[in-house]
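Participant: Quick one, run_10.txt (compact mmCIF, C-alpha atoms):
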# COMPACT_ATOMS: atom_id res chain seq x y z
CA ASN A 1 106.58 71.23 -6.27
CA ALA A 2 107.86 70.99 -9.87
CA GLY A 3 109.66 74.37 -9.97
CA VAL A 4 110.13 75.52 -13.57
CA THR A 5 108.93 73.21 -16.33
CA GLN A 6 109.54 73.51 -20.07
CA THR A 7 108.01 71.78 -23.07
CA PRO A 8 109.09 70.31 -25.37
CA LYS A 9 112.49 68.91 -24.34
CA PHE A 10 113.65 68.49 -27.94
CA GLN A 11 112.44 69.90 -31.25
CA VAL A 12 113.63 69.83 -34.85
CA LEU A 13 112.26 72.45 -37.24
CA LYS A 14 112.79 73.22 -40.91
CA THR A 15 113.80 76.76 -41.86
CA GLY A 16 110.70 78.96 -42.01
CA GLN A 17 108.55 76.85 -39.67
CA SER A 18 107.10 78.34 -36.51
CA MET A 19 106.77 76.99 -33.01
CA THR A 20 106.10 78.02 -29.43
CA LEU A 21 108.19 76.98 -26.44
CA GLN A 22 106.18 76.70 -23.26
CA CYS A 23 107.31 77.51 -19.73
CA ALA A 24 105.47 77.34 -16.42
CA GLN A 25 106.50 77.88 -12.79
CA ASP A 26 104.68 76.93 -9.62
CA MET A 27 106.68 79.04 -7.14
CA ASN A 28 104.45 82.12 -7.37
CA HIS A 29 107.37 84.12 -8.78
CA ASN A 30 106.78 87.51 -10.33
CA SER A 31 109.57 87.62 -12.91
CA MET A 32 110.20 85.18 -15.75
CA TYR A 33 112.96 84.99 -18.38
CA TRP A 34 113.97 83.30 -21.61
CA TYR A 35 117.65 82.62 -22.35
CA ARG A 36 119.54 80.86 -25.08
CA GLN A 37 122.81 79.03 -24.52
CA ASP A 38 125.29 78.63 -27.35
CA PRO A 39 128.81 77.15 -27.17
CA GLY A 40 131.30 79.72 -25.92
CA MET A 41 128.58 82.36 -25.48
CA GLY A 42 127.20 81.62 -22.04
CA LEU A 43 123.56 82.40 -21.32
CA ARG A 44 122.10 85.31 -23.26
CA LEU A 45 118.80 86.94 -22.32
CA ILE A 46 116.18 86.96 -25.08
CA TYR A 47 113.15 88.47 -23.33
CA TYR A 48 111.94 88.86 -19.79
CA SER A 49 108.77 89.68 -17.94
CA ALA A 50 109.11 91.59 -14.65
CA SER A 51 105.48 90.97 -13.76
CA GLU A 52 102.25 89.67 -15.23
CA GLY A 53 101.25 91.85 -18.16
CA THR A 54 104.70 93.25 -18.92
CA THR A 55 107.48 92.07 -21.24
CA ASP A 56 110.82 93.60 -22.22
CA LYS A 57 113.60 92.84 -24.68
CA GLY A 58 116.86 91.35 -23.53
CA GLU A 59 120.19 91.12 -25.29
CA VAL A 60 119.14 89.03 -28.32
CA PRO A 61 115.38 89.53 -29.03
CA ASN A 62 115.40 89.52 -32.84
CA GLY A 63 113.37 86.69 -34.37
CA TYR A 64 111.42 85.98 -31.18
CA ASN A 65 108.17 87.01 -29.55
CA VAL A 66 106.91 86.30 -26.05
CA SER A 67 103.62 86.16 -24.18
CA ARG A 68 103.16 86.34 -20.41
CA LEU A 69 99.91 84.40 -20.38
CA ASN A 70 99.40 84.68 -16.62
CA LYS A 71 101.60 84.73 -13.52
CA ARG A 72 102.60 81.08 -14.03
CA GLU A 73 103.23 80.88 -17.77
CA PHE A 74 105.64 82.59 -20.17
CA SER A 75 105.90 81.38 -23.76
CA LEU A 76 108.51 82.04 -26.44
CA ARG A 77 107.52 81.99 -30.12
CA LEU A 78 109.65 81.64 -33.19
CA GLU A 79 107.57 82.90 -36.13
CA SER A 80 109.95 81.84 -38.91
CA ALA A 81 112.77 79.67 -37.64
CA ALA A 82 116.31 80.14 -38.97
CA PRO A 83 119.41 77.91 -38.57
CA SER A 84 120.95 80.66 -36.40
CA GLN A 85 118.23 79.90 -33.82
CA THR A 86 119.60 76.41 -33.26
CA SER A 87 120.35 76.50 -29.55
CA VAL A 88 119.38 75.32 -26.10
CA TYR A 89 116.63 77.50 -24.62
CA PHE A 90 116.18 77.96 -20.89
CA CYS A 91 113.28 79.50 -19.04
CA ALA A 92 113.84 80.93 -15.56
CA SER A 93 111.86 82.66 -12.84
CA SER A 94 112.68 84.77 -9.81
CA PRO A 95 110.73 86.11 -6.85
CA ARG A 96 111.97 89.66 -7.55
CA VAL A 97 112.34 90.71 -3.93
CA GLY A 98 112.17 94.47 -3.93
CA GLY A 99 115.46 96.13 -2.98
CA GLY A 100 117.30 92.82 -2.93
CA GLY A 101 119.31 90.73 -5.33
CA THR A 102 117.39 88.30 -7.46
CA GLU A 103 118.34 84.67 -7.77
CA GLN A 104 116.84 82.96 -10.78
CA TYR A 105 115.61 79.38 -10.94
CA PHE A 106 115.95 77.55 -14.22
CA GLY A 107 113.98 74.93 -16.11
CA PRO A 108 115.63 71.87 -17.71
CA GLY A 109 115.88 73.44 -21.17
CA THR A 110 114.62 72.83 -24.71
CA ARG A 111 117.13 71.71 -27.33
CA LEU A 112 116.07 73.18 -30.69
CA THR A 113 117.62 72.33 -34.03
CA VAL A 114 116.68 74.26 -37.19
CA THR A 115 117.70 72.63 -40.45
CA ASP B 1 131.50 94.11 -25.53
CA GLN B 2 131.35 91.44 -22.83
CA GLN B 3 130.44 92.87 -19.46
CA VAL B 4 131.22 89.63 -17.65
CA LYS B 5 134.23 87.48 -18.53
CA GLN B 6 135.34 84.04 -17.46
CA ASN B 7 138.73 83.78 -19.11
CA SER B 8 139.32 80.09 -18.41
CA PRO B 9 137.07 77.90 -20.57
CA SER B 10 138.20 74.81 -18.68
CA LEU B 11 139.97 73.76 -15.49
CA SER B 12 141.12 70.35 -14.22
CA VAL B 13 141.75 69.75 -10.53
CA GLN B 14 142.76 66.68 -8.54
CA GLU B 15 140.12 65.33 -6.16
CA GLY B 16 140.61 66.72 -2.65
CA ARG B 17 142.48 69.83 -3.82
CA ILE B 18 141.11 73.36 -4.09
CA SER B 19 139.31 74.53 -7.23
CA ILE B 20 139.42 78.27 -7.96
CA LEU B 21 137.16 79.71 -10.64
CA ASN B 22 137.49 83.34 -11.67
CA CYS B 23 135.19 86.00 -13.09
CA ASP B 24 135.80 89.63 -14.10
CA TYR B 25 133.20 92.31 -14.73
CA THR B 26 133.41 95.79 -16.21
CA ASN B 27 130.52 97.79 -14.75
CA SER B 28 131.06 99.09 -11.20
CA MET B 29 127.29 99.58 -10.87
CA PHE B 30 126.78 95.82 -10.49
CA ASP B 31 126.19 95.05 -6.83
CA TYR B 32 124.95 91.48 -6.67
CA PHE B 33 127.03 88.50 -7.77
CA LEU B 34 126.11 84.86 -8.15
CA TRP B 35 127.56 81.51 -9.17
CA TYR B 36 125.57 78.84 -10.96
CA LYS B 37 126.47 75.22 -11.62
CA LYS B 38 125.30 73.32 -14.69
CA TYR B 39 125.36 69.62 -15.42
CA PRO B 40 124.89 68.35 -19.01
CA ALA B 41 121.26 68.22 -20.18
CA GLU B 42 120.06 70.12 -17.09
CA GLY B 43 119.28 73.74 -16.32
CA PRO B 44 121.71 75.87 -14.29
CA THR B 45 121.24 75.66 -10.52
CA PHE B 46 122.02 78.45 -8.09
CA LEU B 47 125.10 77.80 -5.97
CA ILE B 48 126.09 80.85 -3.92
CA SER B 49 125.84 84.64 -4.03
CA ILE B 50 127.41 87.74 -2.52
CA SER B 51 126.38 91.37 -2.32
CA SER B 52 128.71 94.31 -2.81
CA ILE B 53 128.68 95.17 0.90
CA LYS B 54 130.61 91.97 1.66
CA ASP B 55 133.91 90.61 0.39
CA LYS B 56 133.40 86.96 1.32
CA ASN B 57 130.53 84.52 1.67
CA GLU B 58 130.80 80.86 2.66
CA ASP B 59 128.44 77.94 2.27
CA GLY B 60 129.97 74.61 3.23
CA ARG B 61 132.73 73.74 0.76
CA PHE B 62 131.98 76.80 -1.38
CA THR B 63 133.31 80.30 -0.77
CA VAL B 64 132.85 83.32 -2.99
CA PHE B 65 135.28 86.24 -2.78
CA LEU B 66 134.58 89.71 -4.16
CA ASN B 67 137.26 92.31 -4.92
CA LYS B 68 135.31 95.42 -5.88
CA SER B 69 138.31 97.58 -6.68
CA ALA B 70 139.56 94.97 -9.17
CA LYS B 71 136.02 94.12 -10.35
CA HIS B 72 136.81 90.48 -9.77
CA LEU B 73 135.07 87.61 -8.07
CA SER B 74 136.16 84.07 -7.49
CA LEU B 75 134.64 80.80 -6.35
CA HIS B 76 136.69 78.45 -4.18
CA ILE B 77 135.67 74.83 -3.77
CA VAL B 78 137.53 72.88 -1.11
CA PRO B 79 137.92 69.99 -1.00
CA SER B 80 136.96 69.29 -4.62
CA GLN B 81 134.85 66.20 -5.23
CA PRO B 82 134.03 64.27 -8.43
CA GLY B 83 130.41 65.49 -8.25
CA ASP B 84 131.71 69.05 -8.63
CA SER B 85 132.56 68.33 -12.28
CA ALA B 86 130.24 70.69 -14.16
CA VAL B 87 130.16 74.02 -15.99
CA TYR B 88 130.18 77.03 -13.65
CA PHE B 89 128.72 80.37 -14.66
CA CYS B 90 129.16 83.62 -12.81
CA ALA B 91 126.34 86.15 -13.06
CA VAL B 92 126.05 89.78 -12.04
CA GLY B 93 123.12 92.11 -11.42
CA GLY B 94 121.89 95.13 -9.55
CA PHE B 95 119.57 95.32 -6.57
CA GLY B 96 116.03 95.90 -7.74
CA ASN B 97 117.03 95.08 -11.32
CA GLU B 98 115.41 91.89 -12.51
CA LYS B 99 118.10 91.10 -15.09
CA LEU B 100 121.29 89.12 -14.65
CA THR B 101 124.27 89.11 -17.02
CA PHE B 102 126.08 85.78 -17.28
CA GLY B 103 129.67 84.92 -18.06
CA THR B 104 130.61 82.38 -20.70
CA GLY B 105 131.25 79.58 -18.23
CA THR B 106 134.18 77.45 -17.04
CA ARG B 107 134.09 73.68 -17.37
CA LEU B 108 135.53 72.16 -14.18
CA THR B 109 136.75 68.57 -14.25
CA ILE B 110 137.69 66.86 -11.00
CA ILE B 111 140.21 64.07 -11.53
CA PRO B 112 139.78 61.12 -9.14
Step by step, read the file and then write its structure as structure tokens.

Facilitator:
Amino acid sequence: NAGVTQTPKFQVLKTGQSMTLQCAQDMNHNSMYWYRQDPGMGLRLIYYSASEGTTDKGEVPNGYNVSRLNKREFSLRLESAAPSQTSVYFCASSPRVGGGGTEQYFGPGTRLTVT
Amino acid sequence: DQQVKQNSPSLSVQEGRISILNCDYTNSMFDYFLWYKKYPAEGPTFLISISSIKDKNEDGRFTVFLNKSAKHLSLHIVPSQPGDSAVYFCAVGGFGNEKLTFGTGTRLTIIP
């Protein structure tokens, strides 16, 4: 049981390049999330998907797109990378128990540098 | 406007003593509260949670306290151990709401 996996672990991009960050979970969770972590800013939600086939914006969606490919996979795309997108990106999932609080389970992160 | 604040960026505690980490929130509609622990180069891991119908929840060395009137929660670790050195994030959410809002984190260092 791998939990939440993310690829790649590290990536360096030049300004204007595009890339897709991949995330997969094997816990049969309904909800999936993308966060970025910056120094002094905590974890900020970029996009989330409450269930297969749905996606919604979080706190900082500008410059990103997402795809919920199936129940297991949720990808994050940067169409034209900017230095401000240098960050550590975390994917998470949760079982979304109806009427109850939702703990989220995180992947190991992708460290992205845009030069 | 930060909805969740952890006002202490760092905290150092002697091994064996109690560590107390604090978190304040602004929205009284939040009713589910969590603490996460994060080691360098790893993702956050869930530590302990509490719902708004309780004011205390314990799990081994970890206890979370909730003061709803003050909109304040705290995490107590006793006794503190070197392996507790990490960044701790509080997070808040609502029942049935898939989203969590995270604080900025407190770096805890346990001094042997």

Participant: Please list as a CSV table (one decimal) with C-alpha atoms, keeping the file's coordinate frame every residue within 6 Å of region 42-46 of chain B, counting all atoms listed in the file and excluding residues in the same chain fewer than 3 positions away.

Facilitator:
chain,number,residue,atom,x,y,z
A,106,PHE,CA,116.0,77.6,-14.2
A,107,GLY,CA,114.0,74.9,-16.1
A,108,PRO,CA,115.6,71.9,-17.7
A,109,GLY,CA,115.9,73.4,-21.2
B,36,TYR,CA,125.6,78.8,-11.0
B,37,LYS,CA,126.5,75.2,-11.6
B,38,LYS,CA,125.3,73.3,-14.7
B,39,TYR,CA,125.4,69.6,-15.4

Participant: For chain A, which of B:Val87, B:Leu66, B:Val78, B:Ile20 is the closest residue, counting all atoms listed in the file?

Facilitator: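 Of all the options, B:Val87 lies closest to chain A.
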
Participant: Give as a PDB file with C-alpha atoms, in the frame of the given file the set of residues within 6 Å of the point (130.0, 90.1, -5.4), where distances use the file's coordinates and only C-alpha atoms.

Facilitator:
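Below is the file out.pdb, written as the result:
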ATOM      1  CA  TYR B  32     124.950  91.480  -6.670  1.00  0.00           C
ATOM      2  CA  PHE B  33     127.030  88.500  -7.770  1.00  0.00           C
ATOM      3  CA  ILE B  50     127.410  87.740  -2.520  1.00  0.00           C
ATOM      4  CA  SER B  51     126.380  91.370  -2.320  1.00  0.00           C
ATOM      5  CA  SER B  52     128.710  94.310  -2.810  1.00  0.00           C
ATOM      6  CA  LEU B  66     134.580  89.710  -4.160  1.00  0.00           C
TER       7      LEU B  66
END

Participant: Tell me which protein, DNA and RNA residues are within 12 Å of Thr113 (chain A), counting only C-alpha atoms, leaving out same-chain ones fewer than 5 positions away, and put them as an MDAnalysis selection string.

Facilitator: chainID A and resid 9:15 17 19 38 81:89

Participant: I need the chain B residues near chain A as a PyMOL selection string; criterion: at most 9 Å, counting all atoms listed in the file.

Facilitator: chain B and resi 9+31-34+41-46+49+51+89+93-105

Participant: What gap, in Å, lies between CA of Leu78 (chain A) and CA of Gln3 (chain B)?

Facilitator: 27.3 Å

Participant: Which residues, written as a ChimeraX atom specification, have at least one atom at most 6 Å from Trp35 (chain B), with all atoms listed in the file counted and residues fewer than 4 positions away on the same chain left out?

Facilitator: /B:47-48,89-90

Participant: In Å, rounded to a single decimal, give me how far CA of Asp26 (chain A) is from CA of Glu58 (chain B).

Facilitator: 29.1 Å

Participant: Restricting the calculation to only C-alpha atoms: of B:Ser69, B:Leu11, B:Ile110, B:Gly83, which residue gets closest to Met29 (chain B)?

Facilitator: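 Result for the nearest residue to Met29 (chain B): B:Ser69.
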
Participant: Figure out the distance between CA of Leu21 (chain B) and CA of Ile53 (chain B), please, to one decimal in Å.

Facilitator: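 These atoms are spaced 21.1 Å apart.
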
Participant: With the input short on atoms, add all heavy atoms back to region 9-20 of chain B and write it as a short mmCIF file (atom, residue, chain, number, x, y, z; two decimals), in the coordinates of the input.

Facilitator:
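Generated file (result22.cif):
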data_model
loop_
_atom_site.label_atom_id
_atom_site.label_comp_id
_atom_site.auth_asym_id
_atom_site.auth_seq_id
_atom_site.Cartn_x
_atom_site.Cartn_y
_atom_site.Cartn_z
N PRO B 9 138.17 78.75 -20.11
CA PRO B 9 137.07 77.90 -20.57
C PRO B 9 137.02 76.57 -19.83
O PRO B 9 135.94 75.97 -19.70
CB PRO B 9 137.36 77.67 -22.05
CG PRO B 9 138.36 78.69 -22.41
CD PRO B 9 139.13 79.04 -21.17
N SER B 10 138.18 76.10 -19.36
CA SER B 10 138.20 74.81 -18.68
C SER B 10 139.26 74.81 -17.59
O SER B 10 140.22 75.58 -17.64
CB SER B 10 138.43 73.68 -19.67
OG SER B 10 139.69 73.82 -20.29
N LEU B 11 139.07 73.88 -16.63
CA LEU B 11 139.97 73.76 -15.49
C LEU B 11 139.90 72.31 -15.01
O LEU B 11 138.81 71.77 -14.86
CB LEU B 11 139.52 74.70 -14.38
CG LEU B 11 140.26 74.67 -13.06
CD1 LEU B 11 141.68 75.20 -13.25
CD2 LEU B 11 139.52 75.52 -12.02
N SER B 12 141.06 71.71 -14.78
CA SER B 12 141.12 70.35 -14.22
C SER B 12 141.82 70.40 -12.88
O SER B 12 142.88 71.03 -12.75
CB SER B 12 141.87 69.42 -15.16
OG SER B 12 141.18 69.23 -16.37
N VAL B 13 141.23 69.73 -11.90
CA VAL B 13 141.75 69.75 -10.53
C VAL B 13 141.71 68.34 -9.95
O VAL B 13 140.75 67.60 -10.19
CB VAL B 13 140.91 70.71 -9.65
CG1 VAL B 13 141.35 70.65 -8.20
CG2 VAL B 13 141.03 72.13 -10.18
N GLN B 14 142.72 67.99 -9.20
CA GLN B 14 142.76 66.68 -8.54
C GLN B 14 141.72 66.65 -7.41
O GLN B 14 141.52 67.65 -6.70
CB GLN B 14 144.15 66.47 -7.95
CG GLN B 14 144.57 65.04 -7.80
CD GLN B 14 144.99 64.42 -9.13
OE1 GLN B 14 145.49 65.10 -10.01
NE2 GLN B 14 144.79 63.13 -9.25
N GLU B 15 141.07 65.51 -7.26
CA GLU B 15 140.12 65.33 -6.16
C GLU B 15 140.80 65.64 -4.83
O GLU B 15 141.94 65.25 -4.59
CB GLU B 15 139.61 63.89 -6.16
CG GLU B 15 138.58 63.59 -5.09
CD GLU B 15 138.08 62.16 -5.14
OE1 GLU B 15 138.50 61.40 -6.03
OE2 GLU B 15 137.25 61.80 -4.27
N GLY B 16 140.08 66.37 -3.96
CA GLY B 16 140.61 66.72 -2.65
C GLY B 16 141.36 68.05 -2.61
O GLY B 16 141.54 68.61 -1.52
N ARG B 17 141.76 68.55 -3.79
CA ARG B 17 142.48 69.83 -3.82
C ARG B 17 141.47 70.98 -3.94
O ARG B 17 140.25 70.76 -4.04
CB ARG B 17 143.45 69.85 -5.00
CG ARG B 17 144.42 68.69 -5.05
CD ARG B 17 145.42 68.72 -3.91
NE ARG B 17 146.39 69.80 -4.01
CZ ARG B 17 147.58 69.67 -4.61
NH1 ARG B 17 147.94 68.52 -5.15
NH2 ARG B 17 148.41 70.69 -4.65
N ILE B 18 141.98 72.20 -3.96
CA ILE B 18 141.11 73.36 -4.09
C ILE B 18 140.89 73.71 -5.56
O ILE B 18 141.81 73.67 -6.37
CB ILE B 18 141.70 74.57 -3.32
CG1 ILE B 18 140.76 75.76 -3.39
CG2 ILE B 18 143.08 74.95 -3.87
CD1 ILE B 18 141.15 76.91 -2.46
N SER B 19 139.64 74.01 -5.90
CA SER B 19 139.31 74.53 -7.23
C SER B 19 139.04 76.03 -7.09
O SER B 19 138.30 76.43 -6.19
CB SER B 19 138.05 73.86 -7.79
OG SER B 19 138.26 72.49 -8.02
N ILE B 20 139.63 76.82 -7.98
CA ILE B 20 139.42 78.27 -7.96
C ILE B 20 138.95 78.70 -9.34
O ILE B 20 139.66 78.53 -10.33
CB ILE B 20 140.70 79.04 -7.57
CG1 ILE B 20 141.16 78.61 -6.18
CG2 ILE B 20 140.43 80.55 -7.61
CD1 ILE B 20 142.48 79.24 -5.75
#
